[in-house]
Each structure stands twice: as C-alpha cells, then as structure tokens.
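Dumped work_36.cif below, it's mmCIF, C-alpha atoms:
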data_query
#
loop_
_atom_site.group_PDB
_atom_site.id
_atom_site.type_symbol
_atom_site.label_atom_id
_atom_site.label_comp_id
_atom_site.auth_asym_id
_atom_site.auth_seq_id
_atom_site.Cartn_x
_atom_site.Cartn_y
_atom_site.Cartn_z
ATOM 1 C CA MET A 1 -39.104 -23.195 70.662
ATOM 2 C CA LYS A 2 -40.264 -26.779 70.345
ATOM 3 C CA LYS A 3 -43.931 -25.739 70.588
ATOM 4 C CA ARG A 4 -43.380 -23.120 67.879
ATOM 5 C CA LEU A 5 -41.937 -25.765 65.544
ATOM 6 C CA GLN A 6 -44.808 -28.096 66.382
ATOM 7 C CA SER A 7 -47.301 -25.398 65.404
ATOM 8 C CA PHE A 8 -45.688 -25.203 61.957
ATOM 9 C CA GLY A 9 -46.057 -28.972 61.713
ATOM 10 C CA TYR A 10 -49.765 -28.727 62.556
ATOM 11 C CA ALA A 11 -50.221 -25.990 59.955
ATOM 12 C CA ILE A 12 -48.458 -28.034 57.273
ATOM 13 C CA ARG A 13 -50.591 -31.046 58.183
ATOM 14 C CA GLY A 14 -53.727 -28.907 57.807
ATOM 15 C CA ILE A 15 -52.576 -27.641 54.405
ATOM 16 C CA ARG A 16 -51.884 -31.185 53.269
ATOM 17 C CA LYS A 17 -55.281 -32.415 54.484
ATOM 18 C CA VAL A 18 -57.245 -29.726 52.671
ATOM 19 C CA PHE A 19 -55.327 -30.315 49.418
ATOM 20 C CA VAL A 20 -55.931 -34.063 49.612
ATOM 21 C CA THR A 21 -59.562 -34.074 50.746
ATOM 22 C CA GLU A 22 -61.254 -31.061 49.159
ATOM 23 C CA ALA A 23 -62.353 -31.270 45.511
ATOM 24 C CA ASN A 24 -62.573 -27.490 45.140
ATOM 25 C CA MET A 25 -58.974 -27.131 46.317
ATOM 26 C CA LYS A 26 -57.885 -29.430 43.504
ATOM 27 C CA ILE A 27 -59.610 -27.065 41.056
ATOM 28 C CA HIS A 28 -57.816 -24.104 42.620
ATOM 29 C CA ILE A 29 -54.486 -25.903 42.229
ATOM 30 C CA VAL A 30 -55.106 -26.635 38.540
ATOM 31 C CA ILE A 31 -55.963 -22.973 37.975
ATOM 32 C CA THR A 32 -52.866 -21.934 39.971
ATOM 33 C CA VAL A 33 -50.678 -24.076 37.719
ATOM 34 C CA LEU A 34 -52.320 -22.617 34.592
ATOM 35 C CA VAL A 35 -51.863 -19.042 35.858
ATOM 36 C CA THR A 36 -48.231 -19.729 36.730
ATOM 37 C CA ILE A 37 -47.488 -21.239 33.319
ATOM 38 C CA SER A 38 -49.306 -18.349 31.622
ATOM 39 C CA GLY A 39 -47.351 -15.862 33.705
ATOM 40 C CA PHE A 40 -44.063 -17.285 32.444
ATOM 41 C CA LEU A 41 -45.269 -17.625 28.851
ATOM 42 C CA PHE A 42 -46.514 -14.028 28.738
ATOM 43 C CA SER A 43 -43.578 -12.658 30.770
ATOM 44 C CA ILE A 44 -45.856 -10.752 33.103
ATOM 45 C CA SER A 45 -44.362 -7.896 35.122
ATOM 46 C CA LEU A 46 -43.336 -8.043 38.753
ATOM 47 C CA THR A 47 -46.468 -6.112 39.719
ATOM 48 C CA GLU A 48 -48.651 -8.516 37.738
ATOM 49 C CA TRP A 49 -46.949 -11.453 39.484
ATOM 50 C CA MET A 50 -47.691 -9.845 42.841
ATOM 51 C CA PHE A 51 -51.377 -9.501 41.954
ATOM 52 C CA CYS A 52 -51.527 -13.103 40.724
ATOM 53 C CA LEU A 53 -49.847 -14.415 43.874
ATOM 54 C CA LEU A 54 -52.087 -12.300 46.078
ATOM 55 C CA CYS A 55 -55.167 -13.679 44.299
ATOM 56 C CA ILE A 56 -53.923 -17.249 44.559
ATOM 57 C CA GLY A 57 -53.237 -16.846 48.269
ATOM 58 C CA LEU A 58 -56.581 -15.157 48.832
ATOM 59 C CA VAL A 59 -58.600 -17.882 47.115
ATOM 60 C CA VAL A 60 -56.653 -20.778 48.645
ATOM 61 C CA GLY A 61 -56.833 -19.187 52.105
ATOM 62 C CA ALA A 62 -60.560 -18.503 51.739
ATOM 63 C CA GLU A 63 -61.136 -22.103 50.679
ATOM 64 C CA MET A 64 -59.250 -23.300 53.743
ATOM 65 C CA PHE A 65 -61.320 -21.052 56.047
ATOM 66 C CA ASN A 66 -64.461 -22.331 54.337
ATOM 67 C CA THR A 67 -63.415 -25.935 54.882
ATOM 68 C CA ALA A 68 -62.603 -25.274 58.537
ATOM 69 C CA ILE A 69 -65.957 -23.548 59.091
ATOM 70 C CA GLU A 70 -67.829 -26.387 57.392
ATOM 71 C CA ASN A 71 -66.060 -28.973 59.554
ATOM 72 C CA VAL A 72 -66.730 -27.095 62.792
ATOM 73 C CA VAL A 73 -70.378 -26.531 61.859
ATOM 74 C CA ASP A 74 -70.800 -30.236 61.035
ATOM 75 C CA LEU A 75 -69.239 -31.144 64.380
ATOM 76 C CA ALA A 76 -71.383 -28.692 66.357
ATOM 77 C CA SER A 77 -74.587 -29.359 64.461
ATOM 78 C CA PRO A 78 -74.707 -32.885 63.001
ATOM 79 C CA GLU A 79 -78.437 -32.464 62.389
ATOM 80 C CA TRP A 80 -79.617 -29.893 59.847
ATOM 81 C CA HIS A 81 -80.171 -26.470 61.358
ATOM 82 C CA PRO A 82 -80.954 -23.217 59.525
ATOM 83 C CA LEU A 83 -78.106 -21.354 61.260
ATOM 84 C CA ALA A 84 -75.654 -24.107 60.369
ATOM 85 C CA GLY A 85 -76.729 -23.873 56.749
ATOM 86 C CA LYS A 86 -76.488 -20.091 56.862
ATOM 87 C CA ALA A 87 -72.926 -20.204 58.233
ATOM 88 C CA LYS A 88 -71.853 -22.668 55.563
ATOM 89 C CA ASP A 89 -73.503 -20.654 52.787
ATOM 90 C CA ILE A 90 -71.836 -17.441 53.943
ATOM 91 C CA ALA A 91 -68.419 -19.115 54.070
ATOM 92 C CA ALA A 92 -68.929 -20.545 50.575
ATOM 93 C CA GLY A 93 -70.052 -17.116 49.376
ATOM 94 C CA ALA A 94 -66.823 -15.591 50.679
ATOM 95 C CA VAL A 95 -64.820 -18.057 48.591
ATOM 96 C CA LEU A 96 -66.946 -17.236 45.558
ATOM 97 C CA ILE A 97 -66.337 -13.496 45.959
ATOM 98 C CA CYS A 98 -62.576 -14.058 46.251
ATOM 99 C CA ALA A 99 -62.604 -16.322 43.202
ATOM 100 C CA VAL A 100 -64.669 -13.931 41.057
ATOM 101 C CA ILE A 101 -62.434 -10.962 41.914
ATOM 102 C CA SER A 102 -59.388 -13.117 41.146
ATOM 103 C CA VAL A 103 -60.837 -14.062 37.753
ATOM 104 C CA ILE A 104 -61.461 -10.389 36.970
ATOM 105 C CA ILE A 105 -57.874 -9.509 37.928
ATOM 106 C CA GLY A 106 -56.622 -12.435 35.840
ATOM 107 C CA LEU A 107 -58.603 -11.213 32.847
ATOM 108 C CA ILE A 108 -57.220 -7.692 33.283
ATOM 109 C CA ILE A 109 -53.689 -9.093 33.281
ATOM 110 C CA PHE A 110 -53.925 -11.836 30.651
ATOM 111 C CA LEU A 111 -56.566 -10.729 28.124
ATOM 112 C CA PRO A 112 -54.487 -7.887 26.634
ATOM 113 C CA LYS A 113 -51.471 -10.199 26.351
ATOM 114 C CA GLY A 114 -53.551 -12.908 24.683
ATOM 115 C CA TRP A 115 -55.124 -10.334 22.386
ATOM 116 C CA GLN A 116 -51.660 -9.233 21.236
ATOM 117 C CA LEU A 117 -50.976 -12.817 20.130
ATOM 118 C CA ILE A 118 -54.183 -12.962 18.095
ATOM 119 C CA ALA A 119 -54.087 -9.450 16.621
ATOM 120 C CA PRO A 120 -50.508 -8.151 16.651
#
Can you turn what I pasted into structure tokens?
Amino acid sequence: MKKRLQSFGYAIRGIRKVFVTEANMKIHIVITVLVTISGFLFSISLTEWMFCLLCIGLVVGAEMFNTAIENVVDLASPEWHPLAGKAKDIAAGAVLICAVISVIIGLIIFLPKGWQLIAP
C-alpha cells in the first residue's frame, strides 16, 4: 500500500514539474482557464463540458508525453542525431494534432453561443 501511495506522490511531482518548467504548459493552462470561464458564462451543456474536459486532458497529457520524450531523448542523445530530432518532432506533432482538434471542438461549442450574443 505504501508503494502505491508513493507512486501517486511521484505522479503529482511530475505534474508539478511540467507545469512549472514548460512554457507551452503555461499556455495550455491559460487556455484551460479561458475555456472554463467561457463554459460557465455560456452555460454549456453537460455533454459540451465533457468534450471540453476531454480536450483539456488530451492536450495536457500529450504535452506531458512530449516533455517526457524530449527529456529521455536529450538524455540518450546529448549530441544532435537525426533520429533524436525525428522523435522529438513526432512527439511535438502529436501535441499539435491534439491542440488543433481541441480548437476545432471548442469552435463548434463556443462559436454558435458567441454568435447568439452578437446577432440575437
């Protein structure tokens, strides 16, 4: 049981480290706060909340995987190597795909609500 609790501690430490050290994660947090505020202001439905939360989790998780991959690649290959660069580019591309899909979902949810404010 003690080891199980320790593993949660390690996970929380990893979450804290990525939020403190990664500039892109700070951007994701700002966008998360804006989406959350917008969700309350526009009174989005339960289903829309689920999509927003899924997108937030997907992007934040992808960013964490990307950071982990970058750190491991830097450790394994301190000198530049084409495969190291390829691995890092692919990981960054995965984050980009998650972020773009999340933006599209956000637009699907929030654009009609914003449009109703402008043109009732």
- Message: Which residues are near range 3-17 of chain A? Cut-off 10 Å, only C-alpha atoms, ignore same chain within fewer than 3 positions. Put them as a ChimeraX atom specification.
- Response: /A:20-22,60-61,64,68
- Between A:Glu63, A:Ala76, A:Leu58, A:Leu111, which is the closest to Lys26 in chain A once you count all atoms listed in the file? A:Glu63
- Min atom-atom distance to Glu70 in chain A from the set A:Ile44, A:Val35, A:Ala92, A:Ile105, counting only C-alpha atoms, belongs to A:Ala92
- For CA of Cys98 in chain A and CA of Ile29 in chain A, quote the distance in Å rounded to one decimal.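 CA of Cys98 in chain A sits 14.9 Å away from CA of Ile29 in chain A.
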How would you write, as a PDB file with C-alpha atoms, in the frame of the given file, the residues chosen by the PyMOL selection byres ((chain A and resi 32) around 12) on this structure?
ATOM      1  CA  MET A  25     -58.974 -27.131  46.317  1.00  0.00           C
ATOM      2  CA  LYS A  26     -57.885 -29.430  43.504  1.00  0.00           C
ATOM      3  CA  ILE A  27     -59.610 -27.065  41.056  1.00  0.00           C
ATOM      4  CA  HIS A  28     -57.816 -24.104  42.620  1.00  0.00           C
ATOM      5  CA  ILE A  29     -54.486 -25.903  42.229  1.00  0.00           C
ATOM      6  CA  VAL A  30     -55.106 -26.635  38.540  1.00  0.00           C
ATOM      7  CA  ILE A  31     -55.963 -22.973  37.975  1.00  0.00           C
ATOM      8  CA  VAL A  33     -50.678 -24.076  37.719  1.00  0.00           C
ATOM      9  CA  LEU A  34     -52.320 -22.617  34.592  1.00  0.00           C
ATOM     10  CA  VAL A  35     -51.863 -19.042  35.858  1.00  0.00           C
ATOM     11  CA  THR A  36     -48.231 -19.729  36.730  1.00  0.00           C
ATOM     12  CA  ILE A  37     -47.488 -21.239  33.319  1.00  0.00           C
ATOM     13  CA  SER A  38     -49.306 -18.349  31.622  1.00  0.00           C
ATOM     14  CA  GLY A  39     -47.351 -15.862  33.705  1.00  0.00           C
ATOM     15  CA  CYS A  52     -51.527 -13.103  40.724  1.00  0.00           C
ATOM     16  CA  LEU A  53     -49.847 -14.415  43.874  1.00  0.00           C
ATOM     17  CA  LEU A  54     -52.087 -12.300  46.078  1.00  0.00           C
ATOM     18  CA  CYS A  55     -55.167 -13.679  44.299  1.00  0.00           C
ATOM     19  CA  ILE A  56     -53.923 -17.249  44.559  1.00  0.00           C
ATOM     20  CA  GLY A  57     -53.237 -16.846  48.269  1.00  0.00           C
ATOM     21  CA  LEU A  58     -56.581 -15.157  48.832  1.00  0.00           C
ATOM     22  CA  VAL A  59     -58.600 -17.882  47.115  1.00  0.00           C
ATOM     23  CA  VAL A  60     -56.653 -20.778  48.645  1.00  0.00           C
ATOM     24  CA  ALA A  99     -62.604 -16.322  43.202  1.00  0.00           C
ATOM     25  CA  SER A 102     -59.388 -13.117  41.146  1.00  0.00           C
ATOM     26  CA  VAL A 103     -60.837 -14.062  37.753  1.00  0.00           C
ATOM     27  CA  GLY A 106     -56.622 -12.435  35.840  1.00  0.00           C
TER      28      GLY A 106
END
- Rank nothing, just name the residue among A:Thr67, A:Leu75, A:Pro82, A:Phe51 nearest to Ile101 in chain A, using only C-alpha atoms.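 Of A:Thr67, A:Leu75, A:Pro82, A:Phe51, the one nearest Ile101 in chain A is A:Phe51, counting only C-alpha atoms.
Take CA of Leu107 in chain A and CA of Ser45 in chain A: the distance between them is 14.8 Å.
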- Message: I'd like the interatomic distance between CA of Leu96 in chain A and CA of Trp115 in chain A, to a tenth of an Å.
- Response: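 Going from CA of Leu96 in chain A over to CA of Trp115 in chain A covers 26.9 Å.
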- Query: Counting all atoms listed in the file, what is within 12 Å of Val73 in chain A, bar same-chain residues fewer than 4 positions away, as a count of residues only?
  - Reply: 18
- Of the candidates A:Ile104, A:Phe42, A:Met50, A:Asn24, which one gets nearest to Gln116 in chain A if we count only C-alpha atoms? A:Phe42
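Checking A:Val95, A:Glu48, A:Val72, A:Phe65 one by one against Ile109 in chain A, counting all atoms listed in the file, you find the shortest gap at A:Glu48.
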Each side padded by 3 Å, which centre and which edge lengths in Å (one decimal) define the axis-aligned box around the listed atoms of range 37-53 of chain A? Give them as AutoDock Vina command-line options.
--center_x -47.4 --center_y -13.7 --center_z 36.3 --size_x 14.2 --size_y 21.1 --size_z 21.1
